[in-house]
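Raw contents of model-v8.csv, CSV, C-alpha atoms:
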```
chain,number,residue,atom,x,y,z
A,277,MET,CA,-6.3,-36.7,-5.9
A,278,ASN,CA,-4.3,-38.3,-8.8
A,279,LYS,CA,-6.6,-41.3,-8.6
A,280,LEU,CA,-9.6,-39.0,-9.0
A,281,LYS,CA,-8.0,-37.3,-12.0
A,282,GLN,CA,-7.9,-40.7,-13.8
A,283,ASP,CA,-11.7,-40.7,-14.0
A,284,PHE,CA,-11.6,-37.6,-16.2
A,285,PRO,CA,-10.5,-38.3,-19.8
A,286,ILE,CA,-10.0,-34.6,-20.7
A,287,LEU,CA,-7.4,-34.3,-17.9
A,288,GLN,CA,-5.5,-37.2,-19.4
A,289,ASN,CA,-5.7,-35.7,-22.9
A,290,HIS,CA,-4.6,-32.2,-21.9
A,291,LYS,CA,-1.9,-31.0,-19.6
A,292,ILE,CA,-4.0,-28.5,-17.8
A,293,THR,CA,-5.0,-27.3,-14.4
A,294,TYR,CA,-8.7,-26.7,-14.7
A,295,LEU,CA,-10.0,-24.1,-12.3
A,296,ASP,CA,-13.3,-23.1,-14.0
A,297,SER,CA,-15.8,-25.7,-12.6
A,298,GLY,CA,-18.1,-22.8,-11.5
A,299,ALA,CA,-18.7,-22.3,-15.2
A,300,THR,CA,-18.9,-26.0,-16.1
A,301,THR,CA,-17.4,-29.1,-14.7
A,302,GLN,CA,-15.4,-31.7,-16.6
A,303,LYS,CA,-17.1,-35.1,-17.0
A,304,PRO,CA,-16.0,-38.4,-15.4
A,305,ILE,CA,-15.8,-41.5,-17.6
A,306,GLN,CA,-18.7,-43.0,-15.8
A,307,VAL,CA,-21.0,-40.2,-17.1
A,308,ILE,CA,-19.5,-40.3,-20.6
A,309,ASN,CA,-20.1,-44.1,-20.7
A,310,ALA,CA,-23.7,-43.7,-19.5
A,311,VAL,CA,-24.5,-41.4,-22.4
A,312,LYS,CA,-22.6,-43.6,-24.8
A,313,ASN,CA,-24.5,-46.7,-23.6
A,314,PHE,CA,-27.8,-44.9,-24.1
A,315,TYR,CA,-27.0,-44.1,-27.7
A,316,GLU,CA,-25.6,-47.6,-28.5
A,317,LYS,CA,-28.3,-49.6,-26.7
A,318,GLN,CA,-31.5,-47.6,-25.9
A,319,ASN,CA,-31.8,-44.7,-28.3
A,320,ALA,CA,-35.5,-44.0,-28.8
A,321,ASN,CA,-38.0,-41.3,-27.9
A,322,PRO,CA,-39.5,-41.8,-24.4
A,323,HIS,CA,-43.3,-41.8,-23.9
A,324,ARG,CA,-43.8,-42.0,-27.7
A,325,GLY,CA,-43.8,-45.7,-28.6
A,326,ALA,CA,-45.0,-49.1,-27.4
A,327,TYR,CA,-41.9,-50.9,-28.9
A,328,LEU,CA,-39.1,-52.2,-26.7
A,329,LEU,CA,-36.5,-49.5,-27.3
A,330,SER,CA,-39.0,-46.7,-26.5
A,331,VAL,CA,-40.1,-48.5,-23.4
A,332,GLU,CA,-36.5,-48.9,-22.2
A,333,ALA,CA,-35.7,-45.3,-23.0
A,334,THR,CA,-38.8,-44.2,-21.0
A,335,GLU,CA,-37.7,-46.4,-18.0
A,336,SER,CA,-34.2,-45.0,-18.1
A,337,TYR,CA,-35.6,-41.4,-18.3
A,338,GLU,CA,-38.1,-41.8,-15.5
A,339,ASN,CA,-35.7,-43.8,-13.3
A,340,ALA,CA,-33.4,-40.8,-13.4
A,341,ARG,CA,-36.2,-38.6,-12.3
A,342,ASP,CA,-36.8,-40.9,-9.3
A,343,LYS,CA,-33.1,-40.8,-8.5
A,344,ILE,CA,-33.0,-36.9,-8.6
A,345,ALA,CA,-36.2,-36.7,-6.5
A,346,LYS,CA,-34.5,-38.9,-3.9
A,347,PHE,CA,-31.2,-37.0,-4.2
A,348,ILE,CA,-32.8,-33.7,-3.2
A,349,ASN,CA,-35.5,-35.3,-1.0
A,350,ALA,CA,-38.5,-34.1,-3.0
A,351,LYS,CA,-41.8,-35.2,-1.5
A,352,LYS,CA,-43.1,-36.4,-4.9
A,353,ARG,CA,-41.3,-37.4,-8.1
A,354,GLU,CA,-43.7,-35.1,-10.0
A,355,GLU,CA,-42.0,-32.1,-8.4
A,356,VAL,CA,-38.9,-32.7,-10.5
A,357,ILE,CA,-39.1,-31.0,-13.9
A,358,PHE,CA,-36.4,-31.4,-16.5
A,359,SER,CA,-35.2,-28.2,-18.3
A,360,LYS,CA,-32.4,-27.2,-20.5
A,361,ASN,CA,-30.5,-25.6,-17.6
A,362,ALA,CA,-31.0,-23.5,-14.5
A,363,THR,CA,-31.5,-20.4,-16.8
A,364,GLU,CA,-34.5,-22.0,-18.5
A,365,ALA,CA,-35.9,-23.2,-15.2
A,366,LEU,CA,-35.7,-19.6,-13.8
A,367,ASN,CA,-37.4,-18.2,-16.8
A,368,LEU,CA,-40.1,-20.8,-16.5
A,369,ILE,CA,-40.8,-19.7,-12.9
A,370,ALA,CA,-40.7,-16.0,-13.9
A,371,TYR,CA,-43.2,-16.4,-16.7
A,372,SER,CA,-45.5,-19.1,-15.4
A,373,TYR,CA,-45.6,-18.0,-11.7
A,374,GLY,CA,-44.4,-14.4,-11.7
A,375,MET,CA,-46.4,-13.1,-14.6
A,376,GLU,CA,-49.5,-14.7,-13.3
A,377,ASN,CA,-49.3,-13.8,-9.6
A,378,LEU,CA,-47.6,-10.4,-9.4
A,379,LYS,CA,-49.6,-7.1,-9.5
A,380,LYS,CA,-48.8,-3.4,-9.3
A,381,ASP,CA,-46.7,-2.4,-6.3
A,382,ASP,CA,-45.9,-6.0,-5.3
A,383,GLU,CA,-42.2,-6.5,-4.7
A,384,ILE,CA,-39.5,-9.0,-5.8
A,385,VAL,CA,-36.4,-9.2,-3.7
A,386,LEU,CA,-33.1,-10.5,-5.0
A,387,SER,CA,-29.6,-10.5,-3.6
A,388,ILE,CA,-27.1,-8.3,-5.5
A,389,MET,CA,-25.1,-11.5,-5.9
A,390,GLU,CA,-27.5,-13.1,-8.3
A,391,HIS,CA,-26.4,-14.7,-11.6
A,392,HIS,CA,-28.0,-12.8,-14.5
A,393,SER,CA,-30.3,-15.8,-15.0
A,394,ASN,CA,-31.9,-15.0,-11.7
A,395,LEU,CA,-32.1,-11.3,-12.3
A,396,VAL,CA,-32.9,-10.5,-16.0
A,397,PRO,CA,-36.2,-12.5,-16.1
A,398,TRP,CA,-37.4,-10.7,-13.0
A,399,GLN,CA,-36.5,-7.3,-14.6
A,400,LYS,CA,-38.8,-8.2,-17.4
A,401,CYS,CA,-41.4,-9.5,-15.0
A,402,VAL,CA,-41.7,-6.2,-13.1
A,403,LYS,CA,-42.0,-4.2,-16.3
A,404,MET,CA,-44.9,-6.4,-17.4
A,405,THR,CA,-46.7,-6.5,-14.1
A,406,GLY,CA,-46.0,-3.0,-12.6
A,407,SER,CA,-44.3,-4.6,-9.6
A,408,GLN,CA,-41.0,-3.5,-8.1
A,409,LEU,CA,-37.5,-5.0,-7.9
A,410,ASN,CA,-35.5,-4.5,-4.7
A,411,TYR,CA,-32.0,-5.8,-3.7
A,412,MET,CA,-30.4,-7.1,-0.6
A,413,TYR,CA,-26.8,-5.8,-0.5
A,414,VAL,CA,-23.7,-7.5,1.1
A,415,ASN,CA,-21.7,-6.0,3.9
A,416,GLU,CA,-17.9,-5.5,4.1
A,417,LYS,CA,-17.5,-9.3,4.7
A,418,PHE,CA,-19.3,-10.0,1.4
A,419,GLU,CA,-22.3,-11.5,3.3
A,420,LEU,CA,-26.0,-10.8,3.7
A,421,SER,CA,-26.6,-9.6,7.3
A,422,ASP,CA,-29.7,-10.5,9.3
A,423,GLU,CA,-30.6,-6.8,9.4
A,424,GLU,CA,-30.5,-6.5,5.6
A,425,ILE,CA,-32.6,-9.7,5.2
A,426,GLU,CA,-35.3,-8.5,7.6
A,427,ARG,CA,-35.2,-4.9,6.3
A,428,LYS,CA,-35.7,-5.8,2.6
A,429,ILE,CA,-38.2,-8.7,2.9
A,430,THR,CA,-41.4,-7.0,3.9
A,431,ASP,CA,-45.1,-7.5,3.8
A,432,LYS,CA,-45.0,-6.2,0.2
A,433,THR,CA,-42.6,-8.9,-0.9
A,434,LYS,CA,-44.2,-11.7,-3.0
A,435,ILE,CA,-41.1,-13.4,-4.5
A,436,VAL,CA,-37.6,-13.8,-3.1
A,437,GLY,CA,-34.8,-15.0,-5.5
A,438,ILE,CA,-31.6,-16.1,-3.8
A,439,THR,CA,-28.5,-17.9,-4.9
A,440,HIS,CA,-27.4,-20.5,-2.4
A,441,ILE,CA,-23.8,-19.9,-3.2
A,442,SER,CA,-22.6,-16.9,-5.2
A,443,ASN,CA,-20.8,-17.8,-8.4
A,444,VAL,CA,-18.6,-14.7,-8.0
A,445,LEU,CA,-17.9,-14.4,-4.3
A,446,GLY,CA,-18.3,-18.0,-3.2
A,447,THR,CA,-20.4,-16.7,-0.3
A,448,ILE,CA,-22.7,-19.3,1.2
A,449,ASN,CA,-26.0,-17.5,1.9
A,450,PRO,CA,-28.2,-18.2,5.0
A,451,ILE,CA,-30.9,-19.9,2.9
A,452,LYS,CA,-33.0,-21.3,5.7
A,453,LYS,CA,-33.1,-17.9,7.4
A,454,ILE,CA,-34.1,-16.1,4.2
A,455,ILE,CA,-36.8,-18.7,3.5
A,456,GLU,CA,-38.2,-18.4,7.0
A,457,GLN,CA,-38.3,-14.6,6.8
A,458,ALA,CA,-40.0,-14.8,3.3
A,459,HIS,CA,-42.6,-17.3,4.5
A,460,LYS,CA,-43.3,-15.2,7.5
A,461,LYS,CA,-44.2,-12.3,5.2
A,462,GLY,CA,-46.2,-14.5,2.8
A,463,ALA,CA,-43.6,-14.6,0.0
A,464,ILE,CA,-42.4,-17.6,-2.0
A,465,VAL,CA,-38.7,-18.3,-2.5
A,466,VAL,CA,-36.7,-19.3,-5.6
A,467,VAL,CA,-33.4,-20.9,-4.7
A,468,ASP,CA,-30.6,-21.1,-7.3
A,469,ALA,CA,-28.6,-24.1,-6.2
A,470,SER,CA,-26.4,-24.3,-9.3
A,471,GLN,CA,-23.2,-23.6,-7.3
A,472,SER,CA,-24.2,-25.4,-4.1
A,473,ILE,CA,-25.4,-28.8,-5.2
A,474,PRO,CA,-22.0,-30.1,-6.4
A,475,HIS,CA,-20.6,-29.2,-3.0
A,476,MET,CA,-23.2,-30.0,-0.3
A,477,LYS,CA,-26.3,-32.1,0.3
A,478,ILE,CA,-29.5,-30.3,-0.7
A,479,ASP,CA,-32.8,-31.3,1.1
A,480,VAL,CA,-35.6,-29.3,-0.3
A,481,GLN,CA,-38.1,-30.4,2.4
A,482,ASP,CA,-35.7,-29.3,5.2
A,483,LEU,CA,-35.0,-26.0,3.5
A,484,ASP,CA,-38.8,-25.6,2.8
A,485,ALA,CA,-37.9,-24.1,-0.6
A,486,ASP,CA,-40.8,-23.3,-2.9
A,487,PHE,CA,-38.7,-23.6,-6.0
A,488,LEU,CA,-35.1,-24.7,-6.5
A,489,VAL,CA,-33.1,-25.0,-9.7
A,490,PHE,CA,-29.7,-26.3,-10.8
A,491,SER,CA,-27.8,-27.1,-13.9
A,492,GLY,CA,-26.4,-30.6,-14.5
A,493,HIS,CA,-23.2,-29.4,-16.2
A,494,LYS,CA,-22.0,-27.8,-13.0
A,495,MET,CA,-22.2,-31.1,-11.2
A,496,LEU,CA,-20.3,-33.5,-13.6
A,497,ALA,CA,-23.3,-34.1,-15.9
A,498,PRO,CA,-23.6,-33.3,-19.6
A,499,LEU,CA,-24.3,-29.8,-21.0
A,500,GLY,CA,-27.9,-28.9,-21.8
A,501,ILE,CA,-29.7,-30.5,-18.8
A,502,GLY,CA,-31.2,-28.8,-15.8
A,503,VAL,CA,-33.7,-29.4,-13.0
A,504,LEU,CA,-36.6,-27.3,-11.7
A,505,TYR,CA,-38.0,-28.5,-8.3
A,506,GLY,CA,-41.2,-26.9,-7.3
A,507,LYS,CA,-43.7,-27.7,-4.5
A,508,HIS,CA,-46.5,-29.8,-6.0
A,509,ASP,CA,-49.4,-27.4,-5.3
A,510,LEU,CA,-47.5,-24.5,-6.8
A,511,LEU,CA,-46.6,-26.4,-10.0
A,512,ASN,CA,-50.2,-27.6,-10.3
A,513,GLN,CA,-51.5,-24.0,-10.2
A,514,MET,CA,-49.1,-22.8,-12.9
A,515,ASN,CA,-49.7,-22.6,-16.6
A,516,PRO,CA,-47.1,-24.2,-18.9
A,517,PHE,CA,-44.2,-22.2,-20.2
A,518,LEU,CA,-43.8,-24.0,-23.5
A,519,MET,CA,-46.6,-25.6,-25.6
A,520,GLY,CA,-46.7,-28.7,-27.7
A,521,GLY,CA,-45.2,-32.2,-27.8
A,522,ASP,CA,-45.7,-34.4,-24.8
A,523,MET,CA,-47.1,-31.7,-22.5
A,524,ILE,CA,-50.6,-32.1,-23.9
A,525,GLU,CA,-53.4,-34.4,-22.8
A,526,TYR,CA,-56.0,-33.8,-25.5
A,527,VAL,CA,-56.0,-31.4,-28.5
A,528,TYR,CA,-59.2,-30.2,-30.1
A,529,GLU,CA,-59.6,-27.7,-32.9
A,530,GLN,CA,-60.2,-24.7,-30.5
A,531,GLU,CA,-58.7,-25.8,-27.2
A,532,THR,CA,-56.2,-28.1,-25.5
A,533,THR,CA,-56.0,-29.8,-22.1
A,534,PHE,CA,-52.6,-30.2,-20.5
A,535,ALA,CA,-51.0,-33.4,-19.2
A,536,PRO,CA,-50.5,-33.8,-15.5
A,537,LEU,CA,-47.2,-33.1,-13.7
A,538,PRO,CA,-44.4,-33.4,-14.6
A,539,ASN,CA,-45.2,-33.7,-18.3
A,540,LYS,CA,-47.1,-30.4,-18.3
A,541,PHE,CA,-43.7,-28.5,-18.2
A,542,GLU,CA,-41.7,-30.8,-20.5
A,543,ALA,CA,-42.8,-29.9,-24.0
A,544,GLY,CA,-41.2,-31.7,-27.0
A,545,THR,CA,-38.5,-34.2,-27.1
A,546,GLN,CA,-36.3,-33.9,-24.1
A,547,ASN,CA,-32.5,-34.2,-23.6
A,548,VAL,CA,-32.8,-37.8,-22.7
A,549,GLU,CA,-29.1,-38.6,-22.8
A,550,GLY,CA,-28.5,-35.5,-20.6
A,551,VAL,CA,-31.0,-36.8,-18.0
A,552,ILE,CA,-29.3,-40.2,-18.0
A,553,GLY,CA,-25.9,-38.6,-17.7
A,554,LEU,CA,-27.2,-36.5,-14.8
A,555,GLY,CA,-28.3,-39.7,-13.1
A,556,ALA,CA,-24.8,-41.1,-13.6
A,557,ALA,CA,-23.3,-37.9,-12.2
A,558,ILE,CA,-25.4,-38.3,-9.1
A,559,ASP,CA,-24.2,-41.9,-8.7
A,560,TYR,CA,-20.6,-40.6,-8.9
A,561,ILE,CA,-21.2,-37.9,-6.3
A,562,GLU,CA,-22.9,-40.3,-3.9
A,563,LYS,CA,-20.3,-42.9,-4.3
A,564,MET,CA,-17.6,-40.4,-3.5
A,565,GLY,CA,-19.7,-38.8,-0.7
A,566,TYR,CA,-20.1,-35.2,0.2
A,567,ASP,CA,-17.9,-35.6,3.3
A,568,THR,CA,-15.0,-36.6,1.1
A,569,ILE,CA,-15.8,-33.8,-1.4
A,570,GLN,CA,-15.9,-31.2,1.3
A,571,GLN,CA,-12.7,-32.4,2.9
A,572,ILE,CA,-10.8,-32.2,-0.4
A,573,GLU,CA,-12.2,-28.8,-1.1
A,574,LYS,CA,-11.4,-27.5,2.4
A,575,GLU,CA,-7.7,-28.5,2.0
A,576,VAL,CA,-7.4,-27.0,-1.4
A,577,ILE,CA,-9.1,-23.8,-0.5
A,578,ALA,CA,-7.1,-23.3,2.7
A,579,TYR,CA,-3.8,-23.8,0.8
A,580,ALA,CA,-4.9,-21.4,-2.1
A,581,LYS,CA,-6.0,-18.7,0.4
A,582,GLN,CA,-2.8,-19.0,2.3
A,583,GLU,CA,-0.5,-18.7,-0.7
A,584,LEU,CA,-2.6,-16.0,-2.6
A,585,SER,CA,-2.7,-13.8,0.5
A,586,LYS,CA,1.1,-13.5,0.4
A,587,LEU,CA,0.9,-11.6,-2.9
A,588,ASP,CA,0.7,-7.9,-2.1
A,589,TYR,CA,-0.3,-7.0,-5.7
A,590,MET,CA,-3.4,-9.2,-5.5
A,591,THR,CA,-6.9,-8.2,-4.1
A,592,LEU,CA,-9.1,-11.1,-2.9
A,593,TYR,CA,-12.9,-10.8,-2.8
A,594,LEU,CA,-14.1,-13.4,-0.3
A,595,THR,CA,-15.6,-13.5,3.2
A,596,PRO,CA,-13.1,-14.1,6.0
A,597,ASN,CA,-15.7,-16.5,7.6
A,598,GLU,CA,-14.6,-19.9,6.4
A,599,GLU,CA,-17.9,-21.5,7.4
A,600,HIS,CA,-19.7,-19.1,5.0
A,601,HIS,CA,-17.3,-19.6,2.0
A,602,SER,CA,-17.3,-22.2,-0.7
A,603,GLY,CA,-14.8,-23.0,-3.5
A,604,VAL,CA,-14.9,-19.8,-5.5
A,605,ILE,CA,-12.0,-17.4,-5.1
A,606,SER,CA,-12.2,-14.1,-7.0
A,607,PHE,CA,-9.3,-11.8,-7.3
A,608,ASN,CA,-7.8,-8.9,-9.2
A,609,LEU,CA,-4.1,-8.2,-10.0
A,610,LYS,CA,-3.4,-4.5,-9.6
A,611,GLY,CA,-2.9,-2.7,-12.9
A,612,ILE,CA,-3.5,-5.8,-15.1
A,613,HIS,CA,-6.7,-6.4,-17.1
A,614,PRO,CA,-8.4,-9.7,-16.1
A,615,HIS,CA,-8.4,-11.0,-19.7
A,616,ASP,CA,-4.6,-10.5,-19.8
A,617,VAL,CA,-4.3,-12.4,-16.5
A,618,ALA,CA,-6.4,-15.3,-17.9
A,619,SER,CA,-4.4,-15.4,-21.1
A,620,ILE,CA,-1.0,-15.5,-19.3
A,621,LEU,CA,-2.3,-18.3,-17.0
A,622,ASP,CA,-3.6,-20.2,-20.0
A,623,SER,CA,-0.1,-20.1,-21.6
A,624,GLU,CA,0.9,-22.1,-18.5
A,625,GLY,CA,-2.0,-24.5,-18.9
A,626,ILE,CA,-4.1,-23.0,-16.1
A,627,CYS,CA,-7.8,-22.5,-16.9
A,628,VAL,CA,-9.6,-19.6,-15.0
A,629,ARG,CA,-12.6,-17.5,-15.6
A,630,SER,CA,-12.0,-13.8,-16.4
A,631,ARG,CA,-14.5,-11.1,-15.6
A,632,LYS,CA,-13.8,-7.5,-16.4
A,633,SER,CA,-16.9,-6.4,-14.5
A,634,LEU,CA,-15.5,-7.4,-11.1
A,635,CYS,CA,-13.1,-4.4,-11.1
A,636,THR,CA,-16.0,-1.9,-11.3
A,637,ALA,CA,-18.8,-3.8,-9.5
A,638,THR,CA,-17.7,-3.1,-5.9
A,639,ASP,CA,-20.0,-0.1,-5.4
A,640,GLU,CA,-23.0,-2.0,-6.7
A,641,ILE,CA,-22.3,-5.1,-4.6
A,642,PHE,CA,-22.1,-3.0,-1.5
A,643,GLY,CA,-25.2,-0.9,-2.5
A,644,ASN,CA,-23.3,2.4,-2.6
```

For the structure just supplied, provide its representation as structure tokens.
Amino acid sequence: MNKLKQDFPILQNHKITYLDSGATTQKPIQVINAVKNFYEKQNANPHRGAYLLSVEATESYENARDKIAKFINAKKREEVIFSKNATEALNLIAYSYGMENLKKDDEIVLSIMEHHSNLVPWQKCVKMTGSQLNYMYVNEKFELSDEEIERKITDKTKIVGITHISNVLGTINPIKKIIEQAHKKGAIVVVDASQSIPHMKIDVQDLDADFLVFSGHKMLAPLGIGVLYGKHDLLNQMNPFLMGGDMIEYVYEQETTFAPLPNKFEAGTQNVEGVIGLGAAIDYIEKMGYDTIQQIEKEVIAYAKQELSKLDYMTLYLTPNEEHHSGVISFNLKGIHPHDVASILDSEGICVRSRKSLCTATDEIFGN
């Protein structure tokens, strides 16, 4: 563990215990150096010039796309679209697919565990299209039951949005089961893998996900870079979300034709250094290996649960099924505001996320 910490400069520069990786991860020196190397040796705008620097920047940018496609086992490299983050990718799907394909009385189904980024765009979508928004609620174990999945995903369902792992509860949702049920009913599925991809191998073909999104900064990469994966046929049918820059093929006075995938969805100058940093983050994760990552997490989580469970003034919000739980542990201290808890912990060099809404959200989570 100490050897791993040496890869992270911020942990050498600050005496802290950082427990907020669900919000953003710290960056290993290998990622920092990859970004630094780009700016020192390759800085130019990809796809814009025929001179050497631009060619090298283009190669580095597109090589990272190939690396990511292989990392998630996409069938085609063109299925990997770069975005600012998972939030932007989800908005792209809502606007470019949802707005175009939903009609009155169609249904969108989300889990109540969704991050706002996989909820608010769909709220706007239903208002614009006359469709309806329904929720799958968790049971007393903070899990989605088979009965709830089958009851809520019906013949009227056209889109299902589901987080692979909840950023609040740490629950690992039965993604394959949800996708199978949705496809049986003729719906497409949008998977938010932001909390899962740092912890487990993602195979989009095995999952049969229609869309899958994640943010680089939650998996050791720089801020401001995200990925949208979409099945090739679906992406081809969709209209661009943003216009201008490199997403055009030909521009005439009265009309424009769009570039083929993936450029169609990458308008303007991209976060090239972020893409390269994401490639370096994938190298770091693959070198360490998911087996090692999961073994370390398993030991840390087991110890944390064991010790926290001894505190009679603490309420834990997590599934008792260890196979269905990831690294997030949410809790309340009786009679103390979460912000006060976070401030007291910070005075001891411990960094945690504080959410005042968790105290009052229980009824909503359970669908009461």

Item to check | Top pick for closest residue to Ala618 of chain A, considering A:Asn597, A:Gln457, A:Asp296, A:Thr439 and counting all atoms listed in the file | outcome: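 Checking each of A:Asn597, A:Gln457, A:Asp296, A:Thr439 against Ala618 of chain A, counting all atoms listed in the file, the winner is A:Asp296.
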
Item to check | Neighbour list for Ala556 of chain A as a PyMOL selection string, cut-off 12 Å, all atoms listed in the file, skip fewer than 4 positions in-chain | outcome: chain A and resi 303-314+336-337+339-341+343-344+492+495-498+549-552+560-563

Written selection (C-alpha atoms) as an mmCIF file, in the frame of the given file:
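Written out: part-v2.cif:
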```cif
data_model
loop_
_atom_site.group_PDB
_atom_site.id
_atom_site.type_symbol
_atom_site.label_atom_id
_atom_site.label_comp_id
_atom_site.auth_asym_id
_atom_site.auth_seq_id
_atom_site.Cartn_x
_atom_site.Cartn_y
_atom_site.Cartn_z
ATOM 1 C CA LYS A 303 -17.100 -35.100 -17.000
ATOM 2 C CA PRO A 304 -16.000 -38.400 -15.400
ATOM 3 C CA ILE A 305 -15.800 -41.500 -17.600
ATOM 4 C CA GLN A 306 -18.700 -43.000 -15.800
ATOM 5 C CA VAL A 307 -21.000 -40.200 -17.100
ATOM 6 C CA ILE A 308 -19.500 -40.300 -20.600
ATOM 7 C CA ASN A 309 -20.100 -44.100 -20.700
ATOM 8 C CA ALA A 310 -23.700 -43.700 -19.500
ATOM 9 C CA VAL A 311 -24.500 -41.400 -22.400
ATOM 10 C CA LYS A 312 -22.600 -43.600 -24.800
ATOM 11 C CA ASN A 313 -24.500 -46.700 -23.600
ATOM 12 C CA PHE A 314 -27.800 -44.900 -24.100
ATOM 13 C CA SER A 336 -34.200 -45.000 -18.100
ATOM 14 C CA TYR A 337 -35.600 -41.400 -18.300
ATOM 15 C CA ASN A 339 -35.700 -43.800 -13.300
ATOM 16 C CA ALA A 340 -33.400 -40.800 -13.400
ATOM 17 C CA ARG A 341 -36.200 -38.600 -12.300
ATOM 18 C CA LYS A 343 -33.100 -40.800 -8.500
ATOM 19 C CA ILE A 344 -33.000 -36.900 -8.600
ATOM 20 C CA GLY A 492 -26.400 -30.600 -14.500
ATOM 21 C CA MET A 495 -22.200 -31.100 -11.200
ATOM 22 C CA LEU A 496 -20.300 -33.500 -13.600
ATOM 23 C CA ALA A 497 -23.300 -34.100 -15.900
ATOM 24 C CA PRO A 498 -23.600 -33.300 -19.600
ATOM 25 C CA GLU A 549 -29.100 -38.600 -22.800
ATOM 26 C CA GLY A 550 -28.500 -35.500 -20.600
ATOM 27 C CA VAL A 551 -31.000 -36.800 -18.000
ATOM 28 C CA ILE A 552 -29.300 -40.200 -18.000
ATOM 29 C CA TYR A 560 -20.600 -40.600 -8.900
ATOM 30 C CA ILE A 561 -21.200 -37.900 -6.300
ATOM 31 C CA GLU A 562 -22.900 -40.300 -3.900
ATOM 32 C CA LYS A 563 -20.300 -42.900 -4.300
#
```

Next on the checklist: Ranking A:Asn278, A:Gln481, A:Asn608, A:Asn443 by minimum distance to Ile455 of chain A and counting all atoms listed in the file, which one comes first?
Outcome noted: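 For Ile455 of chain A, the nearest of the candidates is A:Gln481.
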
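Between atom CA of Ala485 of chain A and atom CA of Ala535 of chain A lies a distance of 24.6 Å.
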
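Closest approach to Glu419 of chain A from the set A:Ser387, A:Asp522, A:Lys477, A:Ile620 is made by A:Ser387, with distances taken over all atoms listed in the file.
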
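The gap separating atom CA of Val331 of chain A from atom CA of Asn361 of chain A is 25.5 Å, in Å to one decimal.
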